[in-house]
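Asker: File follows, query38.tsv with TSV, C-alpha atoms and all ligand atoms:
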```tsv
chain	number	residue	atom	x	y	z
A	1	VAL	CA	30.24	7.12	50.24
A	2	GLU	CA	32.39	5.41	47.63
A	3	SER	CA	30.97	2.28	45.98
A	4	LEU	CA	33.38	-0.61	45.46
A	5	VAL	CA	33.30	-4.08	43.97
A	6	ILE	CA	35.71	-6.69	45.34
A	7	LYS	CA	36.14	-9.89	43.34
A	8	LEU	CA	37.63	-12.85	45.16
A	9	GLY	CA	39.21	-15.08	42.54
A	10	GLY	CA	38.87	-18.84	42.60
A	11	SER	CA	42.54	-19.37	43.40
A	12	VAL	CA	42.25	-17.18	46.51
A	13	ILE	CA	39.25	-18.98	48.02
A	14	THR	CA	39.92	-22.55	46.81
A	15	TYR	CA	42.83	-24.81	45.90
A	16	LYS	CA	42.34	-24.68	42.15
A	17	ASP	CA	43.69	-28.18	41.47
A	18	LYS	CA	41.93	-29.87	44.42
A	19	PRO	CA	38.19	-30.26	43.73
A	20	PHE	CA	35.97	-28.84	46.48
A	21	GLN	CA	38.83	-27.74	48.76
A	22	THR	CA	38.46	-24.26	50.21
A	23	ARG	CA	41.34	-22.10	51.41
A	24	ILE	CA	39.42	-21.55	54.62
A	25	HIS	CA	42.23	-19.71	56.42
A	26	ASP	CA	42.47	-17.20	53.59
A	27	ILE	CA	38.68	-16.84	53.46
A	28	ASN	CA	38.63	-16.12	57.21
A	29	ARG	CA	41.53	-13.68	57.00
A	30	ILE	CA	39.86	-11.81	54.13
A	31	SER	CA	36.55	-11.68	56.02
A	32	LYS	CA	38.35	-10.18	59.01
A	33	GLU	CA	40.12	-7.62	56.82
A	34	ILE	CA	36.90	-6.64	55.03
A	35	ALA	CA	35.11	-6.25	58.40
A	36	GLU	CA	37.58	-3.45	59.23
A	37	PHE	CA	36.39	-1.18	56.40
A	38	VAL	CA	32.94	-2.49	55.49
A	39	ASN	CA	31.14	0.39	57.22
A	40	ASP	CA	33.04	3.03	55.25
A	41	TYR	CA	31.97	1.94	51.74
A	42	ASN	CA	29.07	0.67	49.67
A	43	LEU	CA	30.43	-2.76	48.99
A	44	VAL	CA	29.55	-5.68	46.75
A	45	ILE	CA	31.61	-8.86	47.07
A	46	VAL	CA	31.77	-11.22	44.11
A	47	HIS	CA	33.53	-14.58	44.16
A	48	GLY	CA	34.64	-17.02	41.52
A	49	GLY	CA	34.04	-20.71	41.05
A	50	GLY	CA	37.53	-22.05	41.72
A	51	SER	CA	37.68	-25.81	42.15
A	52	PHE	CA	33.93	-25.94	42.84
A	53	GLY	CA	32.47	-24.16	39.80
A	54	HIS	CA	35.14	-24.78	37.20
A	55	TYR	CA	35.48	-28.43	38.14
A	56	VAL	CA	31.75	-29.17	37.89
A	57	ALA	CA	31.17	-26.96	34.82
A	58	LYS	CA	33.98	-28.72	32.97
A	59	LYS	CA	32.90	-32.19	34.11
A	60	TYR	CA	29.40	-31.75	32.62
A	61	GLY	CA	30.31	-29.37	29.78
A	62	ILE	CA	28.02	-26.65	31.08
A	63	HIS	CA	30.03	-23.91	29.34
A	64	MET	CA	28.83	-25.50	26.07
A	65	GLY	CA	25.13	-25.35	26.87
A	66	LEU	CA	22.67	-27.58	28.69
A	67	PRO	CA	24.50	-30.76	29.73
A	68	LYS	CA	23.68	-34.24	28.39
A	69	ILE	CA	23.54	-35.38	31.99
A	70	LYS	CA	20.64	-33.26	33.12
A	71	LEU	CA	21.53	-33.24	36.82
A	72	GLY	CA	24.92	-31.68	36.02
A	73	LEU	CA	23.40	-28.22	35.96
A	74	SER	CA	21.63	-28.79	39.27
A	75	ILE	CA	24.90	-30.04	40.76
A	76	LEU	CA	26.79	-26.98	39.53
A	77	GLU	CA	24.30	-24.66	41.18
A	78	LYS	CA	24.32	-26.70	44.37
A	79	GLU	CA	28.14	-26.64	44.54
A	80	MET	CA	28.35	-22.90	43.84
A	81	ARG	CA	25.83	-22.28	46.60
A	82	ARG	CA	27.84	-24.51	48.92
A	83	LEU	CA	30.97	-22.46	48.23
A	84	ASN	CA	28.95	-19.25	48.60
A	85	LEU	CA	27.59	-20.46	51.96
A	86	ILE	CA	31.09	-21.21	53.26
A	87	ILE	CA	32.15	-17.67	52.37
A	88	ALA	CA	28.92	-16.18	53.74
A	89	GLU	CA	29.41	-18.00	57.05
A	90	SER	CA	32.95	-16.72	57.34
A	91	MET	CA	31.89	-13.15	56.53
A	92	ILE	CA	29.04	-13.27	59.06
A	93	ASN	CA	31.30	-14.74	61.75
A	94	HIS	CA	33.61	-11.78	61.29
A	95	GLY	CA	30.82	-9.19	61.23
A	96	VAL	CA	30.40	-8.51	57.50
A	97	PRO	CA	26.62	-8.25	56.87
A	98	VAL	CA	26.45	-10.16	53.60
A	99	ILE	CA	23.31	-11.13	51.68
A	100	PRO	CA	23.91	-13.97	49.22
A	101	ILE	CA	22.33	-13.37	45.79
A	102	SER	CA	22.34	-15.96	42.98
A	103	PRO	CA	22.86	-14.59	39.47
A	104	SER	CA	21.04	-17.56	37.89
A	105	SER	CA	17.88	-16.44	39.70
A	106	ILE	CA	17.99	-12.84	38.48
A	107	MET	CA	19.67	-12.90	35.08
A	108	ILE	CA	19.12	-14.27	31.55
A	109	THR	CA	21.60	-14.16	28.68
A	110	LYS	CA	21.22	-14.45	24.91
A	111	ASN	CA	24.26	-15.94	23.19
A	112	LYS	CA	26.22	-15.02	26.35
A	113	ASN	CA	25.14	-11.37	26.30
A	114	ILE	CA	23.06	-10.18	29.22
A	115	GLN	CA	19.44	-10.02	28.13
A	116	ALA	CA	17.72	-9.34	31.45
A	117	PHE	CA	19.16	-8.49	34.84
A	118	TYR	CA	16.81	-7.90	37.76
A	119	TYR	CA	19.28	-6.24	40.05
A	120	ASN	CA	16.89	-4.28	42.28
A	121	ALA	CA	17.52	-6.53	45.28
A	122	ILE	CA	21.24	-5.69	45.02
A	123	LEU	CA	20.51	-1.98	45.20
A	124	GLU	CA	17.99	-2.37	48.00
A	125	ALA	CA	20.50	-4.37	50.07
A	126	ILE	CA	23.16	-1.68	49.62
A	127	LYS	CA	20.68	1.05	50.50
A	128	ARG	CA	20.25	-0.66	53.87
A	129	ASP	CA	24.01	-1.10	54.40
A	130	TYR	CA	24.07	-4.80	53.60
A	131	VAL	CA	26.75	-6.33	51.39
A	132	PRO	CA	25.47	-8.37	48.43
A	133	LEU	CA	27.56	-11.54	48.08
A	134	ILE	CA	27.39	-12.70	44.48
A	135	TYR	CA	29.23	-15.36	42.49
A	136	GLY	CA	30.17	-16.53	39.02
A	137	ASP	CA	27.29	-18.80	38.07
A	138	PHE	CA	25.42	-20.57	35.30
A	139	VAL	CA	22.61	-18.55	33.74
A	140	PHE	CA	19.83	-19.62	31.40
A	141	ASP	CA	20.59	-18.49	27.87
A	142	GLU	CA	17.91	-17.91	25.22
A	143	ASP	CA	20.06	-19.31	22.40
A	144	LEU	CA	22.43	-21.73	24.12
A	145	GLY	CA	20.18	-23.22	26.81
A	146	CYS	CA	22.58	-22.05	29.49
A	147	SER	CA	25.92	-20.32	29.77
A	148	ILE	CA	28.47	-19.43	32.42
A	149	ILE	CA	28.84	-15.88	33.59
A	150	SER	CA	32.18	-15.24	35.26
A	151	GLY	CA	32.53	-13.37	38.50
A	152	ASP	CA	34.66	-10.91	36.54
A	153	GLN	CA	31.87	-10.07	34.07
A	154	LEU	CA	29.44	-9.78	36.96
A	155	SER	CA	31.82	-7.45	38.79
A	156	LEU	CA	31.80	-5.08	35.84
A	157	GLU	CA	28.01	-5.18	35.42
A	158	ILE	CA	27.53	-4.52	39.12
A	159	ALA	CA	30.15	-1.76	39.17
A	160	LYS	CA	28.15	0.03	36.46
A	161	ILE	CA	24.89	-0.42	38.35
A	162	ILE	CA	26.18	0.83	41.70
A	163	GLY	CA	28.41	3.53	40.21
A	164	ALA	CA	31.69	2.03	41.42
A	165	LYS	CA	34.82	3.60	39.97
A	166	ARG	CA	37.11	0.78	41.10
A	167	ILE	CA	36.93	-3.00	40.91
A	168	ILE	CA	39.47	-4.83	43.04
A	169	PHE	CA	40.34	-8.20	41.54
A	170	CYS	CA	42.00	-10.42	44.14
A	171	ILE	CA	43.94	-13.10	42.28
A	172	GLY	CA	46.57	-15.70	43.18
A	173	VAL	CA	49.59	-13.77	41.87
A	174	THR	CA	50.96	-10.24	42.40
A	175	GLY	CA	49.28	-8.68	39.38
A	176	VAL	CA	49.39	-8.71	35.59
A	177	TYR	CA	52.69	-9.71	33.98
A	178	ASN	CA	53.88	-9.16	30.42
A	179	LYS	CA	54.02	-12.97	30.08
A	180	ASP	CA	53.07	-15.98	32.17
A	181	PRO	CA	55.19	-15.74	35.37
A	182	LYS	CA	54.75	-19.47	36.00
A	183	LYS	CA	56.45	-20.28	32.69
A	184	TYR	CA	58.98	-17.47	32.24
A	185	ASN	CA	61.25	-16.26	35.02
A	186	ASP	CA	61.96	-13.01	33.17
A	187	ALA	CA	58.25	-12.12	33.23
A	188	LYS	CA	57.78	-8.54	34.43
A	189	LEU	CA	54.99	-7.20	36.59
A	190	ILE	CA	53.10	-4.35	34.92
A	191	ARG	CA	52.28	-1.77	37.60
A	192	ASN	CA	50.19	0.60	35.43
A	193	LEU	CA	48.45	-0.48	32.29
A	194	ASP	CA	46.64	1.72	29.79
A	195	TYR	CA	43.64	-0.28	28.59
A	196	LYS	CA	44.54	0.44	24.98
A	197	GLU	CA	47.56	-1.86	25.38
A	198	ILE	CA	45.43	-4.84	26.41
A	199	PRO	CA	44.62	-6.26	22.93
A	200	ASN	CA	48.33	-6.34	22.14
A	201	LEU	CA	49.27	-7.81	25.51
A	202	ILE	CA	46.86	-10.75	25.41
A	203	LYS	CA	48.32	-11.96	22.12
A	204	ASN	CA	51.16	-13.35	24.28
A	205	PHE	CA	48.81	-15.36	26.45
A	206	SER	CA	48.11	-19.02	25.82
A	207	ALA	CA	44.53	-20.24	25.57
A	208	ALA	CA	43.15	-20.78	29.06
A	209	GLU	CA	42.03	-24.15	30.38
A	210	ASP	CA	39.21	-22.90	32.61
A	211	VAL	CA	35.60	-22.51	31.49
A	212	THR	CA	35.60	-18.71	31.61
A	213	GLY	CA	38.79	-18.01	29.67
A	214	GLY	CA	41.42	-17.30	32.33
A	215	LEU	CA	43.52	-14.15	32.44
A	216	ALA	CA	42.85	-13.05	28.86
A	217	ASN	CA	39.13	-12.83	29.60
A	218	LYS	CA	39.81	-11.04	32.87
A	219	LEU	CA	41.79	-8.44	30.93
A	220	LEU	CA	39.00	-8.05	28.40
A	221	VAL	CA	36.67	-7.27	31.28
A	222	ALA	CA	39.20	-4.70	32.54
A	223	TYR	CA	39.30	-3.29	29.01
A	224	GLU	CA	35.53	-2.83	28.94
A	225	ALA	CA	35.63	-1.36	32.43
A	226	ALA	CA	38.32	1.20	31.56
A	227	LYS	CA	36.35	2.27	28.50
A	228	VAL	CA	33.54	3.42	30.79
A	229	GLY	CA	35.89	5.00	33.34
A	230	ILE	CA	36.09	2.14	35.84
A	231	GLN	CA	39.54	1.21	37.12
A	232	SER	CA	40.49	-2.44	37.56
A	233	ILE	CA	43.03	-3.18	40.25
A	234	PHE	CA	44.69	-6.60	40.31
A	235	ILE	CA	46.30	-7.66	43.57
A	236	ASN	CA	47.43	-10.82	45.27
A	237	GLY	CA	44.51	-11.85	47.46
A	238	LEU	CA	46.76	-14.22	49.41
A	239	GLN	CA	48.87	-11.36	50.77
A	240	HIS	CA	47.86	-10.13	54.20
A	241	ASN	CA	46.31	-6.67	54.55
A	242	LEU	CA	46.66	-5.81	50.87
A	243	ILE	CA	42.92	-5.45	50.12
A	244	LYS	CA	42.61	-2.91	52.91
A	245	ARG	CA	45.57	-0.89	51.63
A	246	VAL	CA	44.12	-0.72	48.14
A	247	VAL	CA	40.65	0.16	49.36
A	248	ARG	CA	42.10	2.99	51.43
A	249	ASN	CA	44.22	4.27	48.53
A	250	GLU	CA	47.50	3.49	50.28
A	251	GLU	CA	50.59	2.38	48.43
A	252	PHE	CA	50.59	-1.21	47.19
A	253	ILE	CA	52.21	-3.50	44.67
A	254	GLY	CA	49.91	-4.82	41.96
A	255	THR	CA	48.48	-3.68	38.63
A	256	ILE	CA	46.17	-0.75	37.95
A	257	ILE	CA	44.35	-0.82	34.62
A	258	PHE	CA	42.89	2.55	33.65
B	1	LIG	C1	33.29	-19.08	37.30
B	1	LIG	O1	33.50	-17.78	37.74
B	1	LIG	C2	31.93	-19.56	37.70
B	1	LIG	C3	31.67	-20.98	37.39
B	1	LIG	C4	32.54	-21.82	36.89
B	1	LIG	C5	30.33	-21.44	37.67
B	1	LIG	P1	34.95	-17.14	37.62
B	1	LIG	O2	35.49	-17.33	36.24
B	1	LIG	O3	34.84	-15.74	38.09
B	1	LIG	O4	35.79	-18.01	38.66
B	1	LIG	P2	37.35	-17.99	39.03
B	1	LIG	O5	37.60	-16.77	39.83
B	1	LIG	O6	38.11	-17.99	37.72
B	1	LIG	O7	37.53	-19.26	39.80
```
Let's see the structure in the file written out as structure tokens.
Answerer:
Amino acid sequence: VESLVIKLGGSVITYKDKPFQTRIHDINRISKEIAEFVNDYNLVIVHGGGSFGHYVAKKYGIHMGLPKIKLGLSILEKEMRRLNLIIAESMINHGVPVIPISPSSIMITKNKNIQAFYYNAILEAIKRDYVPLIYGDFVFDEDLGCSIISGDQLSLEIAKIIGAKRIIFCIGVTGVYNKDPKKYNDAKLIRNLDYKEIPNLIKNFSAAEDVTGGLANKLLVAYEAAKVGIQSIFINGLQHNLIKRVVRNEEFIGTIIF
């Protein structure tokens, strides 16, 4: 059975510029689509912070260490769990047997590098045909007090652990472009990308506003993944039936990074 990691980006599950607003119709549609193939794969679903996590992390400065306002960290975790619960409910209602797992409870970093990761529960869930549902989260950091681990980084770590050869990144646009498609109308979609071209490509990208570094950081994760033989596939998570097509190796429009 093939192992797969699916990352649901923040702009697929929330309205990125509206704090605490979920795209509930898209979440439900995705749950329904995943239910159609969940029994055929070993699956881990990871989701981002969107306008829950990024909003709160930025508000309290949690990406810069323990916040001055102590409760900020507690609020971040509470809001991420709230978003996670909304997704879990949707998945369960559509028949996807998810088990929510919080990274902050099973992981420690040191200067943002993973220092300890107690992932046994993830493996045990998969062994019993359950689907771990994980999310970008804060984690305690030995040097910085705390840090933010993105859903993208987690997707790569989990892909390594479960032996996945593909990570499917569902984002809010068609794929990876040679420049920002929201700023340039001559931006071109890159269908196939050799990871060695990534360092050169991200020179064109402007510094990201979100707490985990936006597209450039996503591509650096894809770079690290490709180096160890894991493909990253970027698709538009808002397009109907696309996840299923990619999972089943059917033709699709998006970006494959190898
Ligand atoms: C961010 O995770 C997690 C927090 C802000 C707590 P991601 O970086 O994976 O989130 P999205 O997909 O960009 O929203």
Asker: As an exercise, work out the distance from CA of Tyr130 in chain A to CA of Glu224 in chain A in Å and give it to one decimal place.
Answerer: 27.3 Å
Asker: Using only C-alpha atoms and all ligand atoms, determine which residues fall within 8 Å of ligand LIG 1 (chain B), then list them as a ChimeraX atom specification.
Answerer: /A:7-11,16,47-57,76-77,80,135-138,148-153,171,210-214
Asker: What does the distance between CA of Thr255 in chain A and CA of Leu4 in chain A come to in Å, to one decimal place?
Answerer: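 Here the two named atoms are 16.9 Å from each other.
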Asker: If you count all atoms listed in the file, which residues fall within 12 Å of Pro67 in chain A, apart from same-chain ones fewer than 2 positions away, as a PyMOL selection string?
Answerer: chain A and resi 56-65+69-76+138+144-147
Asker: Would you please work out which residue, of A:Lys160, A:His240, A:Arg245, A:Lys68, is nearest to Lys227 in chain A when using all atoms listed in the file?
Answerer: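 The closest residue to Lys227 in chain A is A:Lys160.
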Asker: Please identify all polymer residues within 12 Å of Glu124 in chain A, counting all atoms listed in the file, omitting same-chain residues fewer than 6 positions from it, and present them as a list of chain:residue names.
Answerer: A:Asn42, A:Ile99, A:Tyr118, A:Tyr130, A:Val131, A:Pro132, A:Ile162
Asker: State, in Å with one decimal place, the distance from CA of Asn178 in chain A to CA of Phe258 in chain A.
Answerer: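 If I compute the distance from CA of Asn178 in chain A to CA of Phe258 in chain A, I get 16.4 Å.
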Asker: Which of these residues is nearest to Ser232 in chain A, using all atoms listed in the file: A:Thr14, A:Ser3, A:Ser90, A:Ser155?
Answerer: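 Closest residue, counting all atoms listed in the file: A:Ser155.
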Asker: List the neighbours of Lys179 in chain A out to 12 Å using only C-alpha atoms; skip same-chain residues closer than 2 positions along the sequence, and give me the result as number ranges by chain.
Answerer: A: 175-177, 181-190, 200-206, 215-216
Asker: Select all residues near (21.1, -17.0, 27.6) (cut-off 8 Å, inclusive, file coordinates), counting only C-alpha atoms, and output them as number ranges by chain.
Answerer: A: 108-115, 139-147
